[in-house]
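Engineer: Provided herewith: input-v2.cif, mmCIF, C-alpha atoms.
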```
data_start
loop_
_atom_site.label_atom_id
_atom_site.label_comp_id
_atom_site.auth_asym_id
_atom_site.auth_seq_id
_atom_site.Cartn_x
_atom_site.Cartn_y
_atom_site.Cartn_z
CA MET E 13 -20.96 -0.15 1.73
CA LEU E 14 -22.00 3.43 0.99
CA ASN E 15 -24.01 4.19 -2.14
CA ALA E 16 -23.08 6.79 -4.77
CA ASP E 17 -25.35 9.47 -3.22
CA GLN E 18 -23.79 8.97 0.21
CA LEU E 19 -20.28 9.17 -1.22
CA SER E 20 -21.21 12.32 -3.12
CA ALA E 21 -22.61 13.95 0.06
CA LEU E 22 -19.45 13.10 1.95
CA GLN E 23 -17.27 14.44 -0.84
CA LYS E 24 -19.14 17.77 -0.66
CA LEU E 25 -18.61 17.86 3.09
CA PHE E 26 -14.91 17.21 2.75
CA HIS E 27 -14.69 19.93 0.10
CA GLU E 28 -15.75 22.39 2.83
CA GLY E 29 -12.89 21.11 4.94
CA SER E 30 -10.45 21.57 2.06
CA ILE E 31 -11.33 25.26 1.77
CA GLU E 32 -10.55 25.87 5.44
CA ALA E 33 -7.40 23.78 5.31
CA SER E 34 -6.18 25.75 2.26
CA ARG E 35 -6.62 29.01 4.19
CA ALA E 36 -4.83 27.65 7.25
CA LEU E 37 -1.92 26.32 5.20
CA ALA E 38 -1.55 29.62 3.31
CA LEU E 39 -1.31 31.48 6.62
CA TRP E 40 1.11 28.94 8.08
CA ILE E 41 3.61 28.91 5.20
CA ALA E 42 2.87 32.44 3.97
CA LYS E 43 2.33 31.26 0.40
CA SER E 44 -0.77 30.78 -1.69
CA SER E 45 -2.01 27.25 -1.12
CA VAL E 46 -4.73 25.13 -2.62
CA ILE E 47 -5.88 21.82 -1.19
CA GLU E 48 -8.50 19.93 -3.16
CA ILE E 49 -10.23 16.62 -2.71
CA ASP E 50 -8.73 14.48 -5.46
CA ALA E 51 -10.80 11.38 -4.81
CA PHE E 52 -13.36 10.20 -2.30
CA GLU E 53 -13.74 6.55 -2.99
CA GLN E 54 -14.65 3.12 -1.83
CA ILE E 55 -12.17 0.59 -3.15
CA PRO E 56 -11.14 -3.02 -2.52
CA LEU E 57 -8.73 -3.46 0.34
CA GLU E 58 -5.95 -4.93 -1.79
CA GLU E 59 -6.01 -1.93 -4.14
CA ALA E 60 -5.97 0.65 -1.35
CA THR E 61 -2.54 -0.22 -0.02
CA SER E 62 -0.86 0.65 -3.32
CA LEU E 63 -2.68 3.96 -3.60
CA LEU E 64 0.32 6.18 -2.95
CA ALA E 65 2.33 4.44 -5.68
CA ALA E 66 5.54 5.02 -3.79
CA GLY E 67 7.08 1.74 -4.95
CA ASP E 68 9.81 0.46 -2.69
CA GLU E 69 10.96 3.86 -1.50
CA PRO E 70 10.07 4.75 2.08
CA ILE E 71 7.74 7.67 2.60
CA CYS E 72 6.85 9.82 5.59
CA PHE E 73 3.52 9.71 7.37
CA CYS E 74 2.27 12.19 9.96
CA ALA E 75 -0.84 10.49 11.33
CA THR E 76 -3.53 11.88 13.60
CA ASP E 77 -6.36 9.92 15.18
CA MET E 78 -9.82 11.53 14.94
CA HIS E 79 -12.35 11.08 17.72
CA GLY E 80 -16.02 12.04 17.93
CA LEU E 81 -18.80 11.82 15.34
CA LEU E 82 -16.17 10.99 12.75
CA SER E 83 -13.39 8.72 13.95
CA GLY E 84 -10.45 7.30 12.07
CA LYS E 85 -7.15 8.69 10.85
CA MET E 86 -5.96 11.76 8.99
CA ILE E 87 -2.54 11.31 7.44
CA LEU E 88 -0.20 13.74 5.72
CA ALA E 89 2.03 11.62 3.45
CA PHE E 90 5.06 12.92 1.56
CA ASP E 91 8.41 11.79 0.22
CA ASP E 92 11.66 12.94 1.82
CA ALA E 93 12.35 15.67 -0.75
CA SER E 94 8.89 17.23 -0.35
CA GLY E 95 9.08 17.00 3.43
CA PHE E 96 12.47 18.68 3.60
CA ALA E 97 11.26 21.36 1.17
CA LEU E 98 8.40 22.10 3.57
CA ALA E 99 10.75 22.27 6.56
CA GLU E 100 13.10 24.61 4.67
CA MET E 101 10.19 26.82 3.67
CA LEU E 102 8.96 27.08 7.27
CA LEU E 103 12.24 27.34 9.10
CA GLU E 104 14.24 29.25 6.49
CA GLN E 105 17.21 26.96 6.81
CA GLN E 106 18.73 24.23 4.66
CA PHE E 107 18.38 20.57 5.64
CA ASP E 108 20.76 17.90 4.46
CA GLU E 109 18.72 14.87 3.34
CA GLY E 110 21.72 12.71 4.10
CA GLU E 111 21.39 13.50 7.80
CA GLY E 112 17.83 12.20 7.79
CA TRP E 113 14.92 13.57 9.77
CA THR E 114 16.01 15.60 12.78
CA ASP E 115 13.82 16.69 15.68
CA ILE E 116 13.39 20.14 14.16
CA SER E 117 12.46 19.00 10.62
CA THR E 118 10.13 16.36 12.06
CA SER E 119 8.55 19.00 14.27
CA ALA E 120 7.88 21.21 11.21
CA ALA E 121 6.08 18.34 9.48
CA LEU E 122 4.08 17.44 12.58
CA GLU E 123 3.01 21.03 13.22
CA THR E 124 1.90 21.39 9.60
CA THR E 125 -0.16 18.22 9.95
CA ASN E 126 -1.66 19.52 13.17
CA ILE E 127 -2.67 22.81 11.55
CA LEU E 128 -4.15 21.12 8.48
CA CYS E 129 -6.06 18.53 10.47
CA CYS E 130 -7.47 21.03 12.95
CA ALA E 131 -8.63 23.33 10.14
CA TYR E 132 -10.22 20.42 8.33
CA LEU E 133 -11.93 18.99 11.38
CA ASN E 134 -13.19 22.38 12.58
CA ALA E 135 -14.78 22.93 9.19
CA LEU E 136 -16.40 19.50 9.28
CA SER E 137 -17.66 20.09 12.83
CA ASN E 138 -19.13 23.48 11.94
CA HIS E 139 -20.79 22.11 8.84
CA LEU E 140 -22.34 19.19 10.69
CA SER E 141 -23.46 21.08 13.80
CA LYS E 142 -27.09 22.10 14.21
CA PRO E 143 -28.42 24.93 16.42
CA GLY E 144 -28.18 23.75 20.02
CA GLU E 145 -26.56 20.51 18.91
CA PRO E 146 -22.84 21.13 18.39
CA ILE E 147 -20.65 18.40 16.97
CA GLU E 148 -17.07 17.87 18.01
CA ILE E 149 -14.46 16.00 16.05
CA LEU E 150 -11.20 16.03 17.98
CA PRO E 151 -7.72 15.21 16.68
CA SER E 152 -4.98 13.53 18.71
CA PRO E 153 -1.40 14.83 18.52
CA PRO E 154 0.11 13.61 15.23
CA GLN E 155 2.82 10.96 15.12
CA PHE E 156 5.66 10.78 12.59
CA ARG E 157 6.76 7.57 10.86
CA ARG E 158 9.05 6.91 7.89
CA ASP E 159 8.46 3.49 6.38
CA PHE E 160 7.21 1.56 3.35
CA ALA E 161 4.03 3.22 2.04
CA GLU E 162 2.15 -0.06 1.80
CA SER E 163 3.04 -1.03 5.36
CA LEU E 164 1.88 2.32 6.71
CA LEU E 165 -1.34 2.28 4.70
CA GLU E 166 -2.03 -1.28 5.76
CA PHE E 167 -1.90 -0.28 9.40
CA ALA E 168 -4.05 2.81 8.77
CA LEU E 169 -6.68 0.73 6.96
CA MET E 170 -6.80 -2.08 9.51
CA GLU E 171 -9.84 -0.72 11.36
CA GLN E 172 -11.88 -0.86 8.16
CA ALA E 173 -10.36 -4.18 7.10
CA MET E 174 -11.71 -5.71 10.31
CA VAL E 175 -15.30 -5.10 9.20
CA GLY E 176 -15.26 -5.36 5.42
CA ASP E 177 -13.42 -6.01 2.17
CA ASN E 178 -13.79 -2.48 0.81
CA VAL E 179 -12.34 0.64 2.34
CA ILE E 180 -13.40 4.26 2.15
CA LEU E 181 -10.82 6.97 1.90
CA ALA E 182 -10.47 10.51 0.71
CA ARG E 183 -7.34 11.83 -0.98
CA THR E 184 -6.33 15.43 -1.51
CA LYS E 185 -3.82 17.12 -3.77
CA PHE E 186 -1.81 20.23 -2.94
CA GLU E 187 -0.60 23.26 -4.85
CA ILE E 188 1.79 25.80 -3.37
CA ASP E 189 2.27 29.04 -5.32
CA GLY E 190 0.51 27.40 -8.25
CA THR E 191 2.86 24.41 -8.36
CA PRO E 192 1.73 20.88 -7.46
CA VAL E 193 3.66 19.39 -4.54
CA HIS E 194 4.03 15.73 -3.64
CA TRP E 195 2.01 15.79 -0.45
CA THR E 196 -1.12 13.77 0.04
CA LEU E 197 -3.61 14.24 2.83
CA LEU E 198 -5.53 11.03 3.43
CA PHE E 199 -8.70 10.56 5.44
CA VAL E 200 -9.18 7.00 6.55
CA PRO E 201 -12.43 6.96 8.50
CA ASP E 202 -13.50 4.03 10.62
CA ALA E 203 -16.30 2.09 8.98
CA GLU E 204 -19.12 2.51 11.49
CA PRO E 205 -18.91 6.31 11.90
CA MET E 206 -19.13 6.76 8.13
CA SER E 207 -22.64 5.28 8.12
CA ARG E 208 -23.55 7.55 11.06
CA LEU E 209 -22.10 10.58 9.29
CA SER E 210 -23.87 9.75 6.06
CA LYS E 211 -27.19 9.49 7.92
CA ARG E 212 -26.62 12.86 9.59
CA LEU E 213 -25.90 14.47 6.22
CA LYS E 214 -29.14 12.99 4.85
CA ASP E 215 -31.10 14.22 7.88
CA SER E 216 -29.77 17.74 7.44
CA GLU E 217 -30.72 17.95 3.74
CA MET P 15 -4.73 -17.38 -6.48
CA GLU P 16 -1.62 -16.94 -8.60
CA GLU P 17 0.78 -19.74 -9.54
CA LEU P 18 4.26 -18.78 -10.62
CA GLY P 19 7.19 -20.52 -12.20
CA SER P 20 10.39 -19.83 -14.13
CA ALA P 21 12.11 -17.23 -11.98
CA ALA P 22 9.36 -14.59 -11.96
CA THR P 23 8.60 -12.41 -8.95
CA ALA P 24 5.05 -11.80 -7.82
CA SER P 25 3.84 -9.19 -5.36
CA ILE P 26 1.20 -10.36 -2.94
CA ARG P 27 -1.20 -7.67 -1.78
CA MET P 28 -3.16 -7.39 1.46
CA GLY P 29 -5.45 -10.40 1.87
CA GLU P 30 -4.01 -12.26 -1.11
CA MET P 31 -1.85 -15.37 -1.52
CA ALA P 32 0.13 -17.13 -4.23
CA VAL P 33 2.18 -20.25 -4.85
CA ALA P 34 5.39 -20.54 -6.87
CA CYS P 35 8.13 -22.97 -7.94
CA ASP P 36 11.18 -23.27 -10.24
CA GLY P 37 13.12 -20.46 -8.61
CA ALA P 38 10.32 -17.90 -8.73
CA GLU P 39 10.05 -15.42 -5.86
CA LEU P 40 7.09 -14.14 -3.89
CA ARG P 41 7.18 -10.84 -2.06
CA THR P 42 4.91 -8.71 0.05
CA LEU P 43 4.99 -5.55 2.16
CA LEU P 44 3.71 -5.96 5.69
CA GLY P 45 2.56 -3.69 8.49
CA SER P 46 0.40 -5.26 11.17
CA CYS P 47 -0.57 -8.14 8.86
CA ILE P 48 1.34 -11.41 8.82
CA GLY P 49 3.22 -12.96 5.93
CA VAL P 50 2.98 -16.75 6.12
CA ALA P 51 5.59 -18.47 3.96
CA LEU P 52 5.23 -22.23 3.44
CA TYR P 53 7.90 -24.26 1.66
CA ASP P 54 8.63 -27.82 0.59
CA ARG P 55 12.39 -28.26 0.40
CA ARG P 56 12.37 -31.42 -1.76
CA ARG P 57 9.98 -30.11 -4.42
CA ARG P 58 11.09 -26.48 -4.10
CA ILE P 59 7.54 -25.25 -4.03
CA GLY P 60 6.65 -22.21 -1.96
CA GLY P 61 3.53 -20.33 -0.99
CA LEU P 62 3.02 -16.92 0.58
CA ALA P 63 -0.13 -15.51 2.17
CA HIS P 64 -0.59 -11.93 3.39
CA VAL P 65 -3.16 -12.49 6.14
CA VAL P 66 -5.05 -9.63 7.75
CA LEU P 67 -7.15 -11.11 10.56
CA PRO P 68 -7.14 -14.26 12.68
CA GLN P 69 -10.57 -15.68 11.92
CA ALA P 70 -12.86 -15.73 8.88
CA ARG P 71 -16.06 -16.15 10.94
CA GLN P 72 -17.80 -17.91 8.05
CA GLN P 73 -16.61 -15.47 5.37
CA THR P 74 -15.21 -17.72 2.68
CA ASP P 75 -15.04 -15.52 -0.42
CA ARG P 76 -11.59 -14.15 0.47
CA PRO P 77 -9.67 -17.03 1.98
CA GLY P 78 -6.34 -15.19 1.80
CA LYS P 79 -7.51 -12.54 4.26
CA PHE P 80 -7.85 -14.78 7.31
CA VAL P 81 -5.39 -17.06 9.09
CA ASP P 82 -7.85 -19.94 9.48
CA THR P 83 -8.77 -19.98 5.78
CA ALA P 84 -5.51 -18.82 4.16
CA ILE P 85 -3.23 -21.52 5.55
CA PRO P 86 -5.42 -24.51 4.52
CA ALA P 87 -6.10 -22.92 1.11
CA LEU P 88 -2.40 -22.24 0.55
CA ILE P 89 -1.51 -25.85 1.42
CA GLU P 90 -4.20 -27.12 -0.95
CA GLN P 91 -2.92 -24.95 -3.80
CA MET P 92 0.67 -26.02 -3.22
CA GLU P 93 -0.29 -29.70 -3.17
CA THR P 94 -2.36 -29.24 -6.33
CA LEU P 95 0.68 -27.72 -8.03
CA ALA P 96 2.93 -30.54 -6.79
CA ASN P 97 0.31 -33.20 -7.46
CA CYS P 98 1.30 -34.90 -4.22
CA GLU P 99 1.31 -34.39 -0.47
CA LEU P 100 4.06 -32.02 0.63
CA SER P 101 6.31 -31.88 3.66
CA LEU P 102 6.02 -28.24 4.64
CA VAL P 103 7.87 -25.86 6.90
CA ALA P 104 6.80 -22.31 7.73
CA LYS P 105 8.37 -18.91 8.29
CA LEU P 106 6.42 -15.93 9.62
CA ALA P 107 6.93 -12.16 9.52
CA GLY P 108 4.98 -8.99 10.28
CA GLY P 109 2.62 -8.08 13.08
CA ALA P 110 4.00 -4.59 13.72
CA SER P 111 2.19 -1.93 15.75
CA MET P 112 3.06 1.14 13.73
CA PHE P 113 1.22 3.88 15.63
CA SER P 114 1.11 3.43 19.38
CA ASN P 115 -2.18 5.20 19.99
CA SER P 116 -4.12 3.14 17.48
CA ALA P 117 -7.04 0.96 18.46
CA VAL P 118 -5.64 -1.89 16.40
CA VAL P 119 -2.31 -2.31 18.19
CA SER P 120 -3.12 -5.84 19.37
CA ILE P 121 -4.23 -7.27 16.04
CA GLY P 122 -0.67 -8.08 14.97
CA GLN P 123 -0.04 -10.26 18.02
CA GLN P 124 -3.42 -11.96 17.61
CA ASN P 125 -2.50 -12.81 14.01
CA ILE P 126 0.86 -14.25 15.08
CA ASP P 127 -0.75 -16.36 17.82
CA SER P 128 -3.39 -17.69 15.42
CA CYS P 129 -0.80 -18.62 12.80
CA GLU P 130 1.38 -20.46 15.31
CA ARG P 131 -1.61 -22.31 16.80
CA LEU P 132 -2.95 -23.47 13.42
CA LEU P 133 0.47 -24.45 12.07
CA ALA P 134 1.10 -26.51 15.23
CA GLU P 135 -2.27 -28.25 14.77
CA LEU P 136 -1.31 -29.07 11.18
CA GLY P 137 2.10 -30.36 12.22
CA ILE P 138 3.98 -27.71 10.23
CA PRO P 139 7.09 -26.50 12.08
CA VAL P 140 7.78 -22.76 12.21
CA LEU P 141 11.50 -22.57 11.40
CA ALA P 142 11.85 -18.81 11.89
CA LYS P 143 9.85 -15.69 12.56
CA HIS P 144 10.51 -11.97 12.43
CA CYS P 145 7.52 -10.34 14.11
CA GLY P 146 6.39 -7.40 16.20
CA GLY P 147 8.07 -4.02 16.62
CA GLU P 148 6.93 -0.70 15.20
CA GLN P 149 8.21 -0.90 11.61
CA GLY P 150 6.93 -2.34 8.37
CA ARG P 151 8.71 -5.17 6.56
CA ARG P 152 9.33 -6.27 3.01
CA MET P 153 9.22 -10.08 2.92
CA LEU P 154 10.66 -12.10 0.03
CA LEU P 155 10.36 -15.89 -0.32
CA LYS P 156 12.83 -17.56 -2.69
CA THR P 157 11.54 -20.89 -3.96
CA GLU P 158 15.04 -21.81 -5.11
CA ASN P 159 16.09 -22.57 -1.53
CA GLY P 160 13.25 -21.57 0.81
CA GLU P 161 15.13 -18.57 2.09
CA VAL P 162 13.04 -15.65 3.36
CA VAL P 163 14.60 -12.19 3.26
CA ILE P 164 13.24 -9.46 5.53
CA GLU P 165 13.95 -5.80 4.80
CA ILE P 166 13.19 -2.96 7.20
CA VAL P 167 13.75 0.70 6.36
CA GLY P 168 17.12 1.85 7.71
CA GLN P 169 18.34 -1.66 8.64
CA ASP P 170 20.38 -4.37 6.93
CA PRO P 171 18.33 -7.20 5.38
CA VAL P 172 17.87 -10.31 7.51
CA ASN P 173 17.82 -13.85 6.09
CA LEU P 174 15.46 -16.29 7.77
#
```
Rewrite the structure of this file - the entire thing - as structure tokens.
Structural biologist:
Amino acid sequence: MLNADQLSALQKLFHEGSIEASRALALWIAKSSVIEIDAFEQIPLEEATSLLAAGDEPICFCATDMHGLLSGKMILAFDDASGFALAEMLLEQQFDEGEGWTDISTSAALETTNILCCAYLNALSNHLSKPGEPIEILPSPPQFRRDFAESLLEFALMEQAMVGDNVILARTKFEIDGTPVHWTLLFVPDAEPMSRLSKRLKDSE
Amino acid sequence: MEELGSAATASIRMGEMAVACDGAELRTLLGSCIGVALYDRRRRIGGLAHVVLPQARQQTDRPGKFVDTAIPALIEQMETLANCELSLVAKLAGGASMFSNSAVVSIGQQNIDSCERLLAELGIPVLAKHCGGEQGRRMLLKTENGEVVIEIVGQDPVNL
């Protein structure tokens, strides 16, 4: 369990990441973009799986594994309509939701996730590095899944569930051209690295 | 633990369990976890646990989270509700590996193996299972007849 001070320090760190990710997204989609940490919290396992409040409708997950000082998962979650809107914005072509996710629309979502995650993780790495002691946090290529939100979150949270009854996760909200969009970027860190990260933040204060 | 009657439907979250009777339904959404449905046909009493890990390793405050604590606790709750010893059968679902590069890909299979081993020790036959794969499942237990319905995104429902 992390205490309130540790959670607050981590939230500040992730805020730095959000700034970089906002810039990267704005460049990528050529529209003004704001990504903000909506919540950085430690909650009981059984509450975490219903966090996206997607009900019974399937949602899309683009999930990246993080390796290094901070390990775990970064996940871009969105409903079909929001995902197709993103693909249309990027590729300047219409997608028929009835045809489902094609290779090209999936690729647009995955590349967006890749750009967001890399921007976020670079910012975190830079913020945590000390002179002569660089820190690397490396992302794996993202994977796309469309499934029940609770099932996907359950799998993402399993690493933390193996060591405790509470899970730590950070949630972001998005605005494109001043309008909120139904995308959520989730950080689901593994339990052990969070303690290590928290200690490093304390050491660097 | 929740006890349900009179045709209600309860959702069971990760690490939780519940018992029901009188036509009530129990449902849960599964990824790599396992849904363990127990049912007594004569009394029409059912129980559903959403187990996360195979072994409690002396953690007893959340019995629904672990195979080796959830199954005995679920049986006890069902027999308390029935006020007699029950003749139970089991159906299992879940245990998917949803992202292939994850470090937790094997946990689903470990959960399935643990469930089957413990149910065999307790003499409870597993009538059906719908496990593995890469997709999540919605699992619904109907206490009216013991039927378990499995739904997977993009596929027709399956009755177990």
Engineer: Skipping near chain neighbours, those fewer than 5 positions away, what residues fall within 7 Å of Glu148 (chain P) using only C-alpha atoms, listed as a list in words?
Structural biologist: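 Answer for this query is Ala110, Ser111 and Met112 of chain P.
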Engineer: Identify every residue of chain P that has at least one atom within 7 Å of any atom of chain E, counting all atoms listed in the file, and report the result as a PyMOL selection string.
Structural biologist: chain P and resi 27-29+43-46+112+118+149-150+167
Engineer: So that I can check the surroundings of region 53-70 of chain P, please list as a PDB file with C-alpha atoms, in the frame of the given file every protein, DNA and RNA residue that reaches within 8 Å of it, counting only C-alpha atoms and ignoring chain neighbours fewer than 3 positions away.
Structural biologist:
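Writing the result to part_5.pdb gives the following:
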```pdb
ATOM      1  CA  MET E 170      -6.800  -2.080   9.510  1.00  0.00           C
ATOM      2  CA  ALA E 173     -10.360  -4.180   7.100  1.00  0.00           C
ATOM      3  CA  MET E 174     -11.710  -5.710  10.310  1.00  0.00           C
TER       4      MET E 174
ATOM      5  CA  ILE P  26       1.200 -10.360  -2.940  1.00  0.00           C
ATOM      6  CA  ARG P  27      -1.200  -7.670  -1.780  1.00  0.00           C
ATOM      7  CA  MET P  28      -3.160  -7.390   1.460  1.00  0.00           C
ATOM      8  CA  GLY P  29      -5.450 -10.400   1.870  1.00  0.00           C
ATOM      9  CA  GLU P  30      -4.010 -12.260  -1.110  1.00  0.00           C
ATOM     10  CA  MET P  31      -1.850 -15.370  -1.520  1.00  0.00           C
ATOM     11  CA  ALA P  32       0.130 -17.130  -4.230  1.00  0.00           C
ATOM     12  CA  VAL P  33       2.180 -20.250  -4.850  1.00  0.00           C
ATOM     13  CA  ALA P  34       5.390 -20.540  -6.870  1.00  0.00           C
ATOM     14  CA  CYS P  35       8.130 -22.970  -7.940  1.00  0.00           C
ATOM     15  CA  ASP P  36      11.180 -23.270 -10.240  1.00  0.00           C
ATOM     16  CA  GLY P  37      13.120 -20.460  -8.610  1.00  0.00           C
ATOM     17  CA  LEU P  40       7.090 -14.140  -3.890  1.00  0.00           C
ATOM     18  CA  ARG P  41       7.180 -10.840  -2.060  1.00  0.00           C
ATOM     19  CA  THR P  42       4.910  -8.710   0.050  1.00  0.00           C
ATOM     20  CA  LEU P  44       3.710  -5.960   5.690  1.00  0.00           C
ATOM     21  CA  SER P  46       0.400  -5.260  11.170  1.00  0.00           C
ATOM     22  CA  CYS P  47      -0.570  -8.140   8.860  1.00  0.00           C
ATOM     23  CA  ILE P  48       1.340 -11.410   8.820  1.00  0.00           C
ATOM     24  CA  GLY P  49       3.220 -12.960   5.930  1.00  0.00           C
ATOM     25  CA  VAL P  50       2.980 -16.750   6.120  1.00  0.00           C
ATOM     26  CA  GLN P  73     -16.610 -15.470   5.370  1.00  0.00           C
ATOM     27  CA  THR P  74     -15.210 -17.720   2.680  1.00  0.00           C
ATOM     28  CA  PRO P  77      -9.670 -17.030   1.980  1.00  0.00           C
ATOM     29  CA  GLY P  78      -6.340 -15.190   1.800  1.00  0.00           C
ATOM     30  CA  LYS P  79      -7.510 -12.540   4.260  1.00  0.00           C
ATOM     31  CA  PHE P  80      -7.850 -14.780   7.310  1.00  0.00           C
ATOM     32  CA  VAL P  81      -5.390 -17.060   9.090  1.00  0.00           C
ATOM     33  CA  ASP P  82      -7.850 -19.940   9.480  1.00  0.00           C
ATOM     34  CA  THR P  83      -8.770 -19.980   5.780  1.00  0.00           C
ATOM     35  CA  ALA P  84      -5.510 -18.820   4.160  1.00  0.00           C
ATOM     36  CA  ILE P  85      -3.230 -21.520   5.550  1.00  0.00           C
ATOM     37  CA  LEU P  88      -2.400 -22.240   0.550  1.00  0.00           C
ATOM     38  CA  ILE P  89      -1.510 -25.850   1.420  1.00  0.00           C
ATOM     39  CA  MET P  92       0.670 -26.020  -3.220  1.00  0.00           C
ATOM     40  CA  ALA P  96       2.930 -30.540  -6.790  1.00  0.00           C
ATOM     41  CA  LEU P 100       4.060 -32.020   0.630  1.00  0.00           C
ATOM     42  CA  SER P 101       6.310 -31.880   3.660  1.00  0.00           C
ATOM     43  CA  LEU P 102       6.020 -28.240   4.640  1.00  0.00           C
ATOM     44  CA  VAL P 103       7.870 -25.860   6.900  1.00  0.00           C
ATOM     45  CA  ALA P 104       6.800 -22.310   7.730  1.00  0.00           C
ATOM     46  CA  ILE P 121      -4.230  -7.270  16.040  1.00  0.00           C
ATOM     47  CA  GLN P 124      -3.420 -11.960  17.610  1.00  0.00           C
ATOM     48  CA  ASN P 125      -2.500 -12.810  14.010  1.00  0.00           C
ATOM     49  CA  SER P 128      -3.390 -17.690  15.420  1.00  0.00           C
ATOM     50  CA  CYS P 129      -0.800 -18.620  12.800  1.00  0.00           C
ATOM     51  CA  LEU P 155      10.360 -15.890  -0.320  1.00  0.00           C
ATOM     52  CA  LYS P 156      12.830 -17.560  -2.690  1.00  0.00           C
ATOM     53  CA  THR P 157      11.540 -20.890  -3.960  1.00  0.00           C
ATOM     54  CA  GLU P 158      15.040 -21.810  -5.110  1.00  0.00           C
ATOM     55  CA  ASN P 159      16.090 -22.570  -1.530  1.00  0.00           C
ATOM     56  CA  GLY P 160      13.250 -21.570   0.810  1.00  0.00           C
TER      57      GLY P 160
END
```
Engineer: Using CA of Glu161 (chain P) and CA of His144 (chain P) as the two end points, give the distance in Å to one decimal.
Structural biologist: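 Interatomic distance here is 13.1 Å.
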Engineer: If I take CA of Gln18 (chain E) and CA of Leu37 (chain E), how far is one from the other in Å, to one decimal?
Structural biologist: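 CA of Leu37 (chain E) lies 28.4 Å from CA of Gln18 (chain E).
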